[in-house]
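Asker: Dropping in upload_23.tsv, which is TSV, C-alpha atoms and all ligand atoms:
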```tsv
chain	number	residue	atom	x	y	z
Q	1	MET	CA	6.26	1.48	1.18
Q	2	ASN	CA	4.65	-1.87	1.90
Q	3	ILE	CA	2.39	-3.06	-0.89
Q	4	ALA	CA	-0.13	-5.91	-0.97
Q	5	VAL	CA	-0.98	-7.45	-4.33
Q	6	PHE	CA	-4.35	-9.17	-4.81
Q	7	ALA	CA	-4.43	-11.55	-7.79
Q	8	SER	CA	-6.64	-14.39	-9.00
Q	9	GLY	CA	-4.72	-15.75	-11.96
Q	10	ARG	CA	-1.34	-16.39	-13.52
Q	11	GLY	CA	0.26	-13.29	-12.01
Q	12	SER	CA	2.17	-11.79	-14.93
Q	13	ASN	CA	1.44	-8.27	-13.64
Q	14	LEU	CA	2.70	-9.27	-10.19
Q	15	MET	CA	5.88	-10.51	-11.91
Q	16	ALA	CA	6.27	-7.21	-13.79
Q	17	ILE	CA	5.97	-5.26	-10.51
Q	18	LEU	CA	8.48	-7.57	-8.82
Q	19	ASN	CA	10.91	-7.12	-11.72
Q	20	ALA	CA	10.60	-3.34	-11.52
Q	21	ILE	CA	11.48	-3.55	-7.80
Q	22	LYS	CA	14.42	-5.88	-8.46
Q	23	GLU	CA	15.73	-3.58	-11.22
Q	24	GLY	CA	15.62	-0.62	-8.82
Q	25	LYS	CA	12.92	1.18	-10.84
Q	26	LEU	CA	10.37	1.01	-8.02
Q	27	ASN	CA	11.25	1.69	-4.41
Q	28	ALA	CA	8.68	-0.47	-2.63
Q	29	LYS	CA	8.26	-3.85	-1.03
Q	30	ILE	CA	5.60	-6.42	-1.82
Q	31	SER	CA	4.82	-7.62	1.69
Q	32	LEU	CA	1.87	-9.82	0.90
Q	33	VAL	CA	0.04	-11.50	-1.97
Q	34	ILE	CA	-3.58	-12.52	-1.46
Q	35	SER	CA	-5.57	-14.71	-3.83
Q	36	ASN	CA	-9.14	-15.99	-3.76
Q	37	ASN	CA	-7.89	-18.89	-5.87
Q	38	SER	CA	-5.65	-21.49	-4.21
Q	39	ASN	CA	-4.21	-22.52	-7.61
Q	40	ALA	CA	-3.29	-19.02	-8.71
Q	41	GLY	CA	0.08	-18.72	-10.40
Q	42	ALA	CA	0.41	-15.45	-8.49
Q	43	LEU	CA	0.66	-17.38	-5.19
Q	44	GLU	CA	3.43	-19.56	-6.64
Q	45	ILE	CA	5.33	-16.51	-7.89
Q	46	ALA	CA	5.03	-14.93	-4.44
Q	47	ARG	CA	6.29	-18.04	-2.63
Q	48	ALA	CA	9.18	-18.44	-5.07
Q	49	ASN	CA	10.19	-14.87	-4.20
Q	50	GLY	CA	9.92	-15.25	-0.44
Q	51	ILE	CA	6.74	-13.18	-0.19
Q	52	ASP	CA	3.91	-14.14	2.18
Q	53	ALA	CA	1.22	-15.72	0.01
Q	54	LEU	CA	-2.28	-16.25	1.37
Q	55	HIS	CA	-5.30	-17.97	-0.08
Q	56	ILE	CA	-8.26	-16.07	1.36
Q	57	SER	CA	-11.74	-16.75	0.06
Q	58	ARG	CA	-15.14	-15.70	1.38
Q	59	LYS	CA	-16.10	-19.41	1.47
Q	60	GLN	CA	-13.65	-20.03	4.34
Q	61	PHE	CA	-15.64	-17.75	6.68
Q	62	SER	CA	-19.10	-17.89	8.18
Q	63	SER	CA	-19.75	-14.16	7.80
Q	64	ASP	CA	-18.75	-11.18	5.67
Q	65	GLU	CA	-17.43	-9.49	8.83
Q	66	GLU	CA	-14.99	-12.32	9.61
Q	67	TYR	CA	-13.82	-12.40	6.00
Q	68	VAL	CA	-13.17	-8.67	5.88
Q	69	GLN	CA	-11.54	-8.69	9.32
Q	70	LYS	CA	-9.14	-11.44	8.27
Q	71	ILE	CA	-7.99	-9.44	5.22
Q	72	LEU	CA	-7.69	-6.20	7.22
Q	73	ASN	CA	-5.69	-7.97	9.97
Q	74	GLU	CA	-3.24	-9.38	7.43
Q	75	LEU	CA	-2.83	-5.95	5.82
Q	76	LYS	CA	-2.48	-4.01	9.08
Q	77	SER	CA	-0.03	-6.44	10.66
Q	78	ARG	CA	2.31	-5.83	7.71
Q	79	ASN	CA	1.77	-2.04	7.64
Q	80	VAL	CA	0.44	-2.22	4.10
Q	81	GLU	CA	-0.12	1.27	2.70
Q	82	LEU	CA	-1.10	0.47	-0.88
Q	83	ILE	CA	-3.20	-2.36	-2.32
Q	84	VAL	CA	-2.57	-3.30	-5.94
Q	85	LEU	CA	-5.14	-5.41	-7.77
Q	86	ALA	CA	-3.49	-7.43	-10.52
Q	87	GLY	CA	-6.12	-9.58	-12.22
Q	88	TYR	CA	-8.18	-9.88	-9.03
Q	89	MET	CA	-11.63	-11.13	-9.95
Q	90	LYS	CA	-13.51	-10.44	-6.71
Q	91	LYS	CA	-15.11	-7.22	-5.61
Q	92	ILE	CA	-13.24	-5.46	-2.83
Q	93	PRO	CA	-15.55	-5.15	0.19
Q	94	SER	CA	-16.51	-1.54	0.95
Q	95	GLU	CA	-15.03	-1.76	4.49
Q	96	ILE	CA	-11.60	-2.32	2.93
Q	97	ILE	CA	-12.10	0.58	0.51
Q	98	LYS	CA	-12.99	2.79	3.50
Q	99	GLU	CA	-9.83	1.70	5.35
Q	100	TYR	CA	-7.72	2.39	2.23
Q	101	PRO	CA	-9.25	5.53	0.68
Q	102	ASN	CA	-7.63	6.27	-2.71
Q	103	LYS	CA	-5.03	3.65	-1.83
Q	104	ILE	CA	-6.25	0.75	-3.94
Q	105	LEU	CA	-5.20	0.51	-7.60
Q	106	ASN	CA	-6.58	-1.67	-10.36
Q	107	ILE	CA	-5.44	-2.40	-13.90
Q	108	HIS	CA	-8.00	-3.00	-16.63
Q	109	PRO	CA	-7.20	-4.28	-20.14
Q	110	ALA	CA	-9.23	-1.64	-22.04
Q	111	LEU	CA	-9.75	2.12	-22.16
Q	112	LEU	CA	-12.28	2.78	-19.40
Q	113	PRO	CA	-15.07	3.81	-19.19
Q	114	ALA	CA	-15.49	1.64	-22.32
Q	115	PHE	CA	-15.51	-2.14	-21.94
Q	116	GLY	CA	-15.66	-2.18	-18.15
Q	117	GLY	CA	-18.07	-3.34	-15.47
Q	118	GLN	CA	-19.09	-6.69	-14.05
Q	119	GLY	CA	-18.19	-9.66	-16.26
Q	120	MET	CA	-15.64	-7.61	-18.18
Q	121	TYR	CA	-12.39	-9.32	-17.35
Q	122	GLY	CA	-9.61	-11.12	-19.18
Q	123	LEU	CA	-10.47	-12.40	-22.66
Q	124	ASN	CA	-14.13	-11.27	-22.35
Q	125	VAL	CA	-12.89	-7.71	-22.63
Q	126	HIS	CA	-10.86	-8.35	-25.80
Q	127	LYS	CA	-13.73	-10.29	-27.41
Q	128	ALA	CA	-16.10	-7.38	-26.76
Q	129	VAL	CA	-13.54	-4.91	-28.12
Q	130	ILE	CA	-13.10	-6.86	-31.38
Q	131	GLU	CA	-16.84	-7.43	-31.82
Q	132	SER	CA	-17.54	-3.71	-31.35
Q	133	GLY	CA	-15.29	-2.78	-34.29
Q	134	VAL	CA	-13.29	-0.13	-32.41
Q	135	LYS	CA	-9.85	0.56	-33.86
Q	136	ILE	CA	-8.18	1.47	-30.58
Q	137	THR	CA	-8.20	-0.20	-27.19
Q	138	GLY	CA	-5.63	-0.03	-24.42
Q	139	VAL	CA	-4.86	-0.18	-20.73
Q	140	THR	CA	-6.27	1.77	-17.79
Q	141	VAL	CA	-4.87	2.04	-14.28
Q	142	HIS	CA	-7.44	3.50	-11.92
Q	143	ILE	CA	-8.20	3.96	-8.24
Q	144	VAL	CA	-10.74	1.51	-6.88
Q	145	ASP	CA	-14.03	2.81	-5.57
Q	146	GLU	CA	-17.28	1.04	-4.70
Q	147	GLU	CA	-18.28	0.45	-8.36
Q	148	TYR	CA	-16.60	-1.99	-10.74
Q	149	ASP	CA	-14.03	-0.35	-13.06
Q	150	HIS	CA	-15.25	3.11	-12.09
Q	151	GLY	CA	-12.80	5.01	-9.86
Q	152	PRO	CA	-10.57	7.95	-10.91
Q	153	ILE	CA	-8.18	7.18	-13.78
Q	154	VAL	CA	-4.46	7.42	-13.04
Q	155	MET	CA	-2.94	6.40	-16.38
Q	156	GLN	CA	-4.04	5.14	-19.80
Q	157	ARG	CA	-2.20	3.90	-22.87
Q	158	ALA	CA	-3.65	3.15	-26.29
Q	159	VAL	CA	-3.16	-0.08	-28.23
Q	160	GLU	CA	-4.18	-0.46	-31.88
Q	161	VAL	CA	-6.77	-3.11	-32.76
Q	162	ARG	CA	-5.69	-4.85	-35.99
Q	163	ASP	CA	-8.07	-6.28	-38.57
Q	164	ASP	CA	-6.69	-9.79	-38.08
Q	165	ASP	CA	-6.63	-9.68	-34.25
Q	166	THR	CA	-8.15	-12.51	-32.24
Q	167	PRO	CA	-8.93	-11.95	-28.54
Q	168	GLU	CA	-5.72	-13.86	-27.80
Q	169	THR	CA	-3.39	-11.82	-30.06
Q	170	LEU	CA	-4.91	-8.58	-28.80
Q	171	ALA	CA	-4.62	-9.73	-25.17
Q	172	GLU	CA	-0.92	-10.42	-25.71
Q	173	ARG	CA	-0.18	-6.92	-27.05
Q	174	VAL	CA	-2.30	-5.25	-24.36
Q	175	LEU	CA	-0.59	-7.30	-21.63
Q	176	LYS	CA	2.85	-6.05	-22.70
Q	177	VAL	CA	1.63	-2.49	-22.18
Q	178	GLU	CA	0.12	-3.45	-18.80
Q	179	HIS	CA	3.53	-4.68	-17.68
Q	180	GLU	CA	5.11	-1.36	-18.71
Q	181	ILE	CA	2.66	1.03	-17.13
Q	182	TYR	CA	1.56	-0.66	-13.90
Q	183	PRO	CA	4.98	-0.26	-12.23
Q	184	GLN	CA	5.07	3.36	-13.46
Q	185	ALA	CA	1.66	4.12	-11.96
Q	186	ILE	CA	2.60	2.44	-8.66
Q	187	LYS	CA	5.80	4.50	-8.59
Q	188	LEU	CA	3.75	7.73	-8.76
Q	189	PHE	CA	1.85	6.57	-5.67
Q	190	VAL	CA	4.93	5.47	-3.79
Q	191	GLU	CA	6.57	8.84	-4.47
Q	192	GLY	CA	3.47	10.75	-3.31
Q	193	LYS	CA	2.89	12.36	-6.72
Q	194	ILE	CA	-0.80	11.56	-6.97
Q	195	LYS	CA	-3.52	13.97	-5.93
Q	196	VAL	CA	-7.18	13.01	-6.28
Q	197	SER	CA	-9.64	15.79	-6.95
Q	198	GLY	CA	-13.19	14.52	-7.50
Q	199	ARG	CA	-13.09	12.23	-10.56
Q	200	LYS	CA	-9.68	13.54	-11.57
Q	201	VAL	CA	-6.22	12.35	-10.68
Q	202	ILE	CA	-3.66	15.10	-10.85
Q	203	ILE	CA	-0.06	14.05	-11.20
Q	204	LYS	CA	2.10	16.49	-9.30
Q	205	ASP	CA	4.97	18.23	-11.02
Q	206	GLU	CA	8.45	16.77	-10.65
Q	207	ASN	CA	9.62	19.98	-8.89
W	301	LIG	C1	-4.73	-8.73	-16.90
W	301	LIG	O1	-4.89	-8.61	-18.30
W	301	LIG	C2	-5.56	-7.68	-16.19
W	301	LIG	O2	-5.63	-6.46	-16.87
W	301	LIG	C3	-6.91	-8.34	-16.18
W	301	LIG	O3	-6.63	-9.68	-15.84
W	301	LIG	C4	-5.35	-10.03	-16.40
W	301	LIG	C5	-4.52	-10.67	-15.30
W	301	LIG	O4	-3.34	-11.19	-15.82
W	301	LIG	N1	-7.79	-7.72	-15.24
W	301	LIG	C6	-9.09	-7.54	-15.46
W	301	LIG	O5	-9.65	-7.95	-16.46
W	301	LIG	C7	-9.84	-6.81	-14.35
W	301	LIG	N2	-11.15	-6.44	-14.79
W	301	LIG	P1	-2.12	-11.60	-14.88
W	301	LIG	O6	-2.67	-12.56	-13.84
W	301	LIG	O7	-1.17	-12.27	-15.80
W	301	LIG	O8	-1.56	-10.34	-14.26
```
Can you give me the file's structure in the form of structure tokens?
Ligand code: GAR
Answerer:
Amino acid sequence: MNIAVFASGRGSNLMAILNAIKEGKLNAKISLVISNNSNAGALEIARANGIDALHISRKQFSSDEEYVQKILNELKSRNVELIVLAGYMKKIPSEIIKEYPNKILNIHPALLPAFGGQGMYGLNVHKAVIESGVKITGVTVHIVDEEYDHGPIVMQRAVEVRDDDTPETLAERVLKVEHEIYPQAIKLFVEGKIKVSGRKVIIKDEN
């Protein structure tokens, strides 16, 4: 299965997915990496691994239609079947969601529906978690729909919040879990084991 990864930042989740592919744990190909940020580490990682790496930003186009069309053309010409958001900080236009129904995944560094929504990304999330006093946070992989951090949940893992945590120490422990579960969640998709029923994702039996 051809996968496109959209990423805005350093790309450690992209790296984890690539490693899972290299280790034979995930039978898929990353055909394309798109970033809205020309300096993204994710673009460098892609290029270093021989993957097409494109900087595509709304600012480069005179209309929303041209912007969306450019992304769709790049996806279609590579037969991309699954889009994986890995620290992508832009909203996915609804035309792309319509073209890829239940075929766009996102990872969020908290247990949704808590600590999600616009502005909740990266360290902001961990700051809010610590300030709220919750004892448990975690990681959520979900399907992308038209609302931020809202679509059906595929997989979640809990991470303990320690009394002496800073946003940085918490981010580090959460990130390790992200790297473990994102390739696992993608694998379920690639193997056709995911069924979406309303708000629920049902993971089909092994048999
Ligand atoms: C990850 O922690 C990811 O969960 C988060 O951005 C980071 C990207 O790191 N995503 C969000 O906050 C989305 N709301 P990476 O570039 O090293 O993969």
Asker: Residues up to 9 Å from ligand LIG 301 (chain W), counting all atoms listed in the file: could you list those as a ChimeraX atom specification?
Answerer: /Q:7-16,40-42,85-89,106-110,116-125,139-141,148-149,171-172,174-175,178-179
Asker: I want to know what sits within 12 Å of Q:Gly133, based on only C-alpha atoms, with residues of the same chain fewer than 6 positions away left out; could you give that as a VMD selection string?
Answerer: chain Q and resid 126 to 127 160 to 165
Asker: Need to verify the contact set: Q:Asn49, 12 Å, only C-alpha atoms, exclusion of same-chain residues closer than 2 positions in sequence. Can you return it as a PyMOL selection string?
Answerer: chain Q and resi 14-15+18-19+21-22+29-33+42-47+51-53
Asker: If we count only C-alpha atoms, what is near Q:Lys103 at a cut-off of 9 Å, once residues fewer than 6 positions away on the same chain are taken out, given as a VMD selection string?
Answerer: chain Q and resid 81 to 84 97 143 to 144 189
Asker: For the residues in that selection, give me C-alpha atoms as a compact mmCIF listing (two decimals), in the coordinates of the input.
Answerer:
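Just written: result_26.txt:
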```
# COMPACT_ATOMS: atom_id res chain seq x y z
CA GLU Q 81 -0.12 1.27 2.70
CA LEU Q 82 -1.10 0.47 -0.88
CA ILE Q 83 -3.20 -2.36 -2.32
CA VAL Q 84 -2.57 -3.30 -5.94
CA ILE Q 97 -12.10 0.58 0.51
CA ILE Q 143 -8.20 3.96 -8.24
CA VAL Q 144 -10.74 1.51 -6.88
CA PHE Q 189 1.85 6.57 -5.67
```
Asker: In terms of the shortest atom-to-atom distance over all atoms listed in the file, which of Q:Gly138, Q:Pro152, Q:Gly50, Q:Gly24 is closest to Q:Asn102?
Answerer: Q:Pro152
Asker: From the coordinates supplied, stretch 154-204 of chain Q should be written with N, CA and C atoms, as a PDB file, in the first residue's frame.
Answerer:
```
ATOM      1  N   VAL Q 154      -8.887   4.978  16.810  1.00  0.00           N
ATOM      2  CA  VAL Q 154      -8.382   3.670  16.387  1.00  0.00           C
ATOM      3  C   VAL Q 154      -7.646   2.982  17.540  1.00  0.00           C
ATOM      4  N   MET Q 155      -6.829   3.740  18.262  1.00  0.00           N
ATOM      5  CA  MET Q 155      -5.963   3.138  19.279  1.00  0.00           C
ATOM      6  C   MET Q 155      -5.582   4.191  20.313  1.00  0.00           C
ATOM      7  N   GLN Q 156      -5.524   3.794  21.573  1.00  0.00           N
ATOM      8  CA  GLN Q 156      -5.049   4.712  22.625  1.00  0.00           C
ATOM      9  C   GLN Q 156      -4.150   3.951  23.589  1.00  0.00           C
ATOM     10  N   ARG Q 157      -3.177   4.665  24.128  1.00  0.00           N
ATOM     11  CA  ARG Q 157      -2.309   4.100  25.174  1.00  0.00           C
ATOM     12  C   ARG Q 157      -2.147   5.143  26.264  1.00  0.00           C
ATOM     13  N   ALA Q 158      -2.134   4.688  27.503  1.00  0.00           N
ATOM     14  CA  ALA Q 158      -2.004   5.603  28.639  1.00  0.00           C
ATOM     15  C   ALA Q 158      -0.537   5.813  29.002  1.00  0.00           C
ATOM     16  N   VAL Q 159      -0.253   7.005  29.496  1.00  0.00           N
ATOM     17  CA  VAL Q 159       1.083   7.343  30.018  1.00  0.00           C
ATOM     18  C   VAL Q 159       0.853   8.070  31.345  1.00  0.00           C
ATOM     19  N   GLU Q 160       1.600   7.658  32.369  1.00  0.00           N
ATOM     20  CA  GLU Q 160       1.449   8.274  33.693  1.00  0.00           C
ATOM     21  C   GLU Q 160       2.026   9.697  33.691  1.00  0.00           C
ATOM     22  N   VAL Q 161       1.334  10.599  34.379  1.00  0.00           N
ATOM     23  CA  VAL Q 161       1.883  11.943  34.590  1.00  0.00           C
ATOM     24  C   VAL Q 161       2.528  11.940  35.970  1.00  0.00           C
ATOM     25  N   ARG Q 162       3.816  12.256  36.041  1.00  0.00           N
ATOM     26  CA  ARG Q 162       4.522  12.223  37.338  1.00  0.00           C
ATOM     27  C   ARG Q 162       4.497  13.610  37.980  1.00  0.00           C
ATOM     28  N   ASP Q 163       4.624  13.617  39.296  1.00  0.00           N
ATOM     29  CA  ASP Q 163       4.558  14.894  40.038  1.00  0.00           C
ATOM     30  C   ASP Q 163       5.641  15.868  39.584  1.00  0.00           C
ATOM     31  N   ASP Q 164       6.802  15.333  39.213  1.00  0.00           N
ATOM     32  CA  ASP Q 164       7.916  16.224  38.859  1.00  0.00           C
ATOM     33  C   ASP Q 164       8.037  16.433  37.337  1.00  0.00           C
ATOM     34  N   ASP Q 165       7.016  16.028  36.584  1.00  0.00           N
ATOM     35  CA  ASP Q 165       7.089  16.195  35.122  1.00  0.00           C
ATOM     36  C   ASP Q 165       7.079  17.667  34.722  1.00  0.00           C
ATOM     37  N   THR Q 166       7.874  17.984  33.709  1.00  0.00           N
ATOM     38  CA  THR Q 166       7.753  19.259  32.997  1.00  0.00           C
ATOM     39  C   THR Q 166       7.115  18.905  31.647  1.00  0.00           C
ATOM     40  N   PRO Q 167       6.618  19.895  30.897  1.00  0.00           N
ATOM     41  CA  PRO Q 167       6.076  19.563  29.573  1.00  0.00           C
ATOM     42  C   PRO Q 167       7.100  18.787  28.742  1.00  0.00           C
ATOM     43  N   GLU Q 168       8.370  19.119  28.898  1.00  0.00           N
ATOM     44  CA  GLU Q 168       9.410  18.467  28.093  1.00  0.00           C
ATOM     45  C   GLU Q 168       9.608  16.996  28.483  1.00  0.00           C
ATOM     46  N   THR Q 169       9.674  16.719  29.814  1.00  0.00           N
ATOM     47  CA  THR Q 169       9.897  15.313  30.223  1.00  0.00           C
ATOM     48  C   THR Q 169       8.677  14.464  29.866  1.00  0.00           C
ATOM     49  N   LEU Q 170       7.497  15.063  30.012  1.00  0.00           N
ATOM     50  CA  LEU Q 170       6.277  14.319  29.673  1.00  0.00           C
ATOM     51  C   LEU Q 170       6.224  14.067  28.159  1.00  0.00           C
ATOM     52  N   ALA Q 171       6.561  15.093  27.389  1.00  0.00           N
ATOM     53  CA  ALA Q 171       6.554  14.951  25.925  1.00  0.00           C
ATOM     54  C   ALA Q 171       7.460  13.801  25.488  1.00  0.00           C
ATOM     55  N   GLU Q 172       8.603  13.681  26.157  1.00  0.00           N
ATOM     56  CA  GLU Q 172       9.575  12.647  25.781  1.00  0.00           C
ATOM     57  C   GLU Q 172       8.999  11.245  26.008  1.00  0.00           C
ATOM     58  N   ARG Q 173       8.355  11.060  27.185  1.00  0.00           N
ATOM     59  CA  ARG Q 173       7.778   9.720  27.461  1.00  0.00           C
ATOM     60  C   ARG Q 173       6.594   9.426  26.549  1.00  0.00           C
ATOM     61  N   VAL Q 174       5.787  10.450  26.273  1.00  0.00           N
ATOM     62  CA  VAL Q 174       4.626  10.250  25.385  1.00  0.00           C
ATOM     63  C   VAL Q 174       5.112   9.915  23.972  1.00  0.00           C
ATOM     64  N   LEU Q 175       6.158  10.611  23.534  1.00  0.00           N
ATOM     65  CA  LEU Q 175       6.667  10.412  22.168  1.00  0.00           C
ATOM     66  C   LEU Q 175       7.139   8.964  21.942  1.00  0.00           C
ATOM     67  N   LYS Q 176       7.767   8.392  22.969  1.00  0.00           N
ATOM     68  CA  LYS Q 176       8.215   6.991  22.854  1.00  0.00           C
ATOM     69  C   LYS Q 176       7.027   6.079  22.560  1.00  0.00           C
ATOM     70  N   VAL Q 177       5.913   6.357  23.231  1.00  0.00           N
ATOM     71  CA  VAL Q 177       4.713   5.538  23.022  1.00  0.00           C
ATOM     72  C   VAL Q 177       4.139   5.804  21.627  1.00  0.00           C
ATOM     73  N   GLU Q 178       4.191   7.064  21.186  1.00  0.00           N
ATOM     74  CA  GLU Q 178       3.734   7.383  19.822  1.00  0.00           C
ATOM     75  C   GLU Q 178       4.474   6.508  18.813  1.00  0.00           C
ATOM     76  N   HIS Q 179       5.794   6.439  18.990  1.00  0.00           N
ATOM     77  CA  HIS Q 179       6.616   5.695  18.025  1.00  0.00           C
ATOM     78  C   HIS Q 179       6.290   4.207  18.020  1.00  0.00           C
ATOM     79  N   GLU Q 180       5.822   3.700  19.186  1.00  0.00           N
ATOM     80  CA  GLU Q 180       5.432   2.282  19.246  1.00  0.00           C
ATOM     81  C   GLU Q 180       4.102   2.051  18.548  1.00  0.00           C
ATOM     82  N   ILE Q 181       3.122   2.925  18.850  1.00  0.00           N
ATOM     83  CA  ILE Q 181       1.767   2.542  18.406  1.00  0.00           C
ATOM     84  C   ILE Q 181       1.393   3.044  17.005  1.00  0.00           C
ATOM     85  N   TYR Q 182       2.059   4.079  16.509  1.00  0.00           N
ATOM     86  CA  TYR Q 182       1.624   4.562  15.185  1.00  0.00           C
ATOM     87  C   TYR Q 182       1.856   3.486  14.107  1.00  0.00           C
ATOM     88  N   PRO Q 183       3.043   2.871  14.079  1.00  0.00           N
ATOM     89  CA  PRO Q 183       3.211   1.796  13.081  1.00  0.00           C
ATOM     90  C   PRO Q 183       2.208   0.660  13.274  1.00  0.00           C
ATOM     91  N   GLN Q 184       1.848   0.364  14.525  1.00  0.00           N
ATOM     92  CA  GLN Q 184       0.868  -0.719  14.771  1.00  0.00           C
ATOM     93  C   GLN Q 184      -0.503  -0.346  14.207  1.00  0.00           C
ATOM     94  N   ALA Q 185      -0.902   0.902  14.418  1.00  0.00           N
ATOM     95  CA  ALA Q 185      -2.217   1.344  13.930  1.00  0.00           C
ATOM     96  C   ALA Q 185      -2.233   1.362  12.397  1.00  0.00           C
ATOM     97  N   ILE Q 186      -1.141   1.803  11.805  1.00  0.00           N
ATOM     98  CA  ILE Q 186      -1.055   1.844  10.332  1.00  0.00           C
ATOM     99  C   ILE Q 186      -1.138   0.418   9.775  1.00  0.00           C
ATOM    100  N   LYS Q 187      -0.481  -0.500  10.475  1.00  0.00           N
ATOM    101  CA  LYS Q 187      -0.488  -1.906  10.049  1.00  0.00           C
ATOM    102  C   LYS Q 187      -1.927  -2.443   9.991  1.00  0.00           C
ATOM    103  N   LEU Q 188      -2.747  -2.088  10.980  1.00  0.00           N
ATOM    104  CA  LEU Q 188      -4.153  -2.544  10.979  1.00  0.00           C
ATOM    105  C   LEU Q 188      -4.860  -2.070   9.708  1.00  0.00           C
ATOM    106  N   PHE Q 189      -4.578  -0.836   9.308  1.00  0.00           N
ATOM    107  CA  PHE Q 189      -5.178  -0.287   8.086  1.00  0.00           C
ATOM    108  C   PHE Q 189      -4.699  -1.028   6.854  1.00  0.00           C
ATOM    109  N   VAL Q 190      -3.381  -1.173   6.795  1.00  0.00           N
ATOM    110  CA  VAL Q 190      -2.759  -1.793   5.616  1.00  0.00           C
ATOM    111  C   VAL Q 190      -3.291  -3.217   5.442  1.00  0.00           C
ATOM    112  N   GLU Q 191      -3.549  -3.893   6.562  1.00  0.00           N
ATOM    113  CA  GLU Q 191      -4.012  -5.280   6.498  1.00  0.00           C
ATOM    114  C   GLU Q 191      -5.539  -5.384   6.412  1.00  0.00           C
ATOM    115  N   GLY Q 192      -6.205  -4.233   6.282  1.00  0.00           N
ATOM    116  CA  GLY Q 192      -7.663  -4.230   6.105  1.00  0.00           C
ATOM    117  C   GLY Q 192      -8.423  -4.671   7.337  1.00  0.00           C
ATOM    118  N   LYS Q 193      -7.871  -4.453   8.520  1.00  0.00           N
ATOM    119  CA  LYS Q 193      -8.518  -4.954   9.746  1.00  0.00           C
ATOM    120  C   LYS Q 193      -9.372  -3.913  10.458  1.00  0.00           C
ATOM    121  N   ILE Q 194      -9.552  -2.764   9.819  1.00  0.00           N
ATOM    122  CA  ILE Q 194     -10.284  -1.678  10.462  1.00  0.00           C
ATOM    123  C   ILE Q 194     -11.658  -1.531   9.829  1.00  0.00           C
ATOM    124  N   LYS Q 195     -12.677  -1.523  10.684  1.00  0.00           N
ATOM    125  CA  LYS Q 195     -14.028  -1.235  10.190  1.00  0.00           C
ATOM    126  C   LYS Q 195     -14.570  -0.050  10.985  1.00  0.00           C
ATOM    127  N   VAL Q 196     -15.101   0.947  10.280  1.00  0.00           N
ATOM    128  CA  VAL Q 196     -15.624   2.117  10.973  1.00  0.00           C
ATOM    129  C   VAL Q 196     -17.138   2.017  11.007  1.00  0.00           C
ATOM    130  N   SER Q 197     -17.683   2.153  12.218  1.00  0.00           N
ATOM    131  CA  SER Q 197     -19.131   2.074  12.389  1.00  0.00           C
ATOM    132  C   SER Q 197     -19.559   3.275  13.240  1.00  0.00           C
ATOM    133  N   GLY Q 198     -20.045   4.311  12.589  1.00  0.00           N
ATOM    134  CA  GLY Q 198     -20.389   5.548  13.304  1.00  0.00           C
ATOM    135  C   GLY Q 198     -19.141   6.145  13.932  1.00  0.00           C
ATOM    136  N   ARG Q 199     -19.180   6.366  15.260  1.00  0.00           N
ATOM    137  CA  ARG Q 199     -18.024   6.935  15.964  1.00  0.00           C
ATOM    138  C   ARG Q 199     -17.024   5.843  16.344  1.00  0.00           C
ATOM    139  N   LYS Q 200     -17.386   4.590  16.099  1.00  0.00           N
ATOM    140  CA  LYS Q 200     -16.554   3.497  16.607  1.00  0.00           C
ATOM    141  C   LYS Q 200     -15.697   2.872  15.520  1.00  0.00           C
ATOM    142  N   VAL Q 201     -14.481   2.520  15.918  1.00  0.00           N
ATOM    143  CA  VAL Q 201     -13.618   1.743  15.033  1.00  0.00           C
ATOM    144  C   VAL Q 201     -13.575   0.331  15.590  1.00  0.00           C
ATOM    145  N   ILE Q 202     -13.955  -0.616  14.753  1.00  0.00           N
ATOM    146  CA  ILE Q 202     -13.924  -2.008  15.178  1.00  0.00           C
ATOM    147  C   ILE Q 202     -12.727  -2.667  14.521  1.00  0.00           C
ATOM    148  N   ILE Q 203     -11.928  -3.309  15.358  1.00  0.00           N
ATOM    149  CA  ILE Q 203     -10.746  -3.992  14.822  1.00  0.00           C
ATOM    150  C   ILE Q 203     -11.124  -5.449  14.604  1.00  0.00           C
ATOM    151  N   LYS Q 204     -11.040  -5.853  13.330  1.00  0.00           N
ATOM    152  CA  LYS Q 204     -11.521  -7.177  12.963  1.00  0.00           C
ATOM    153  C   LYS Q 204     -10.633  -8.250  13.561  1.00  0.00           C
TER     154      LYS Q 204
END
```
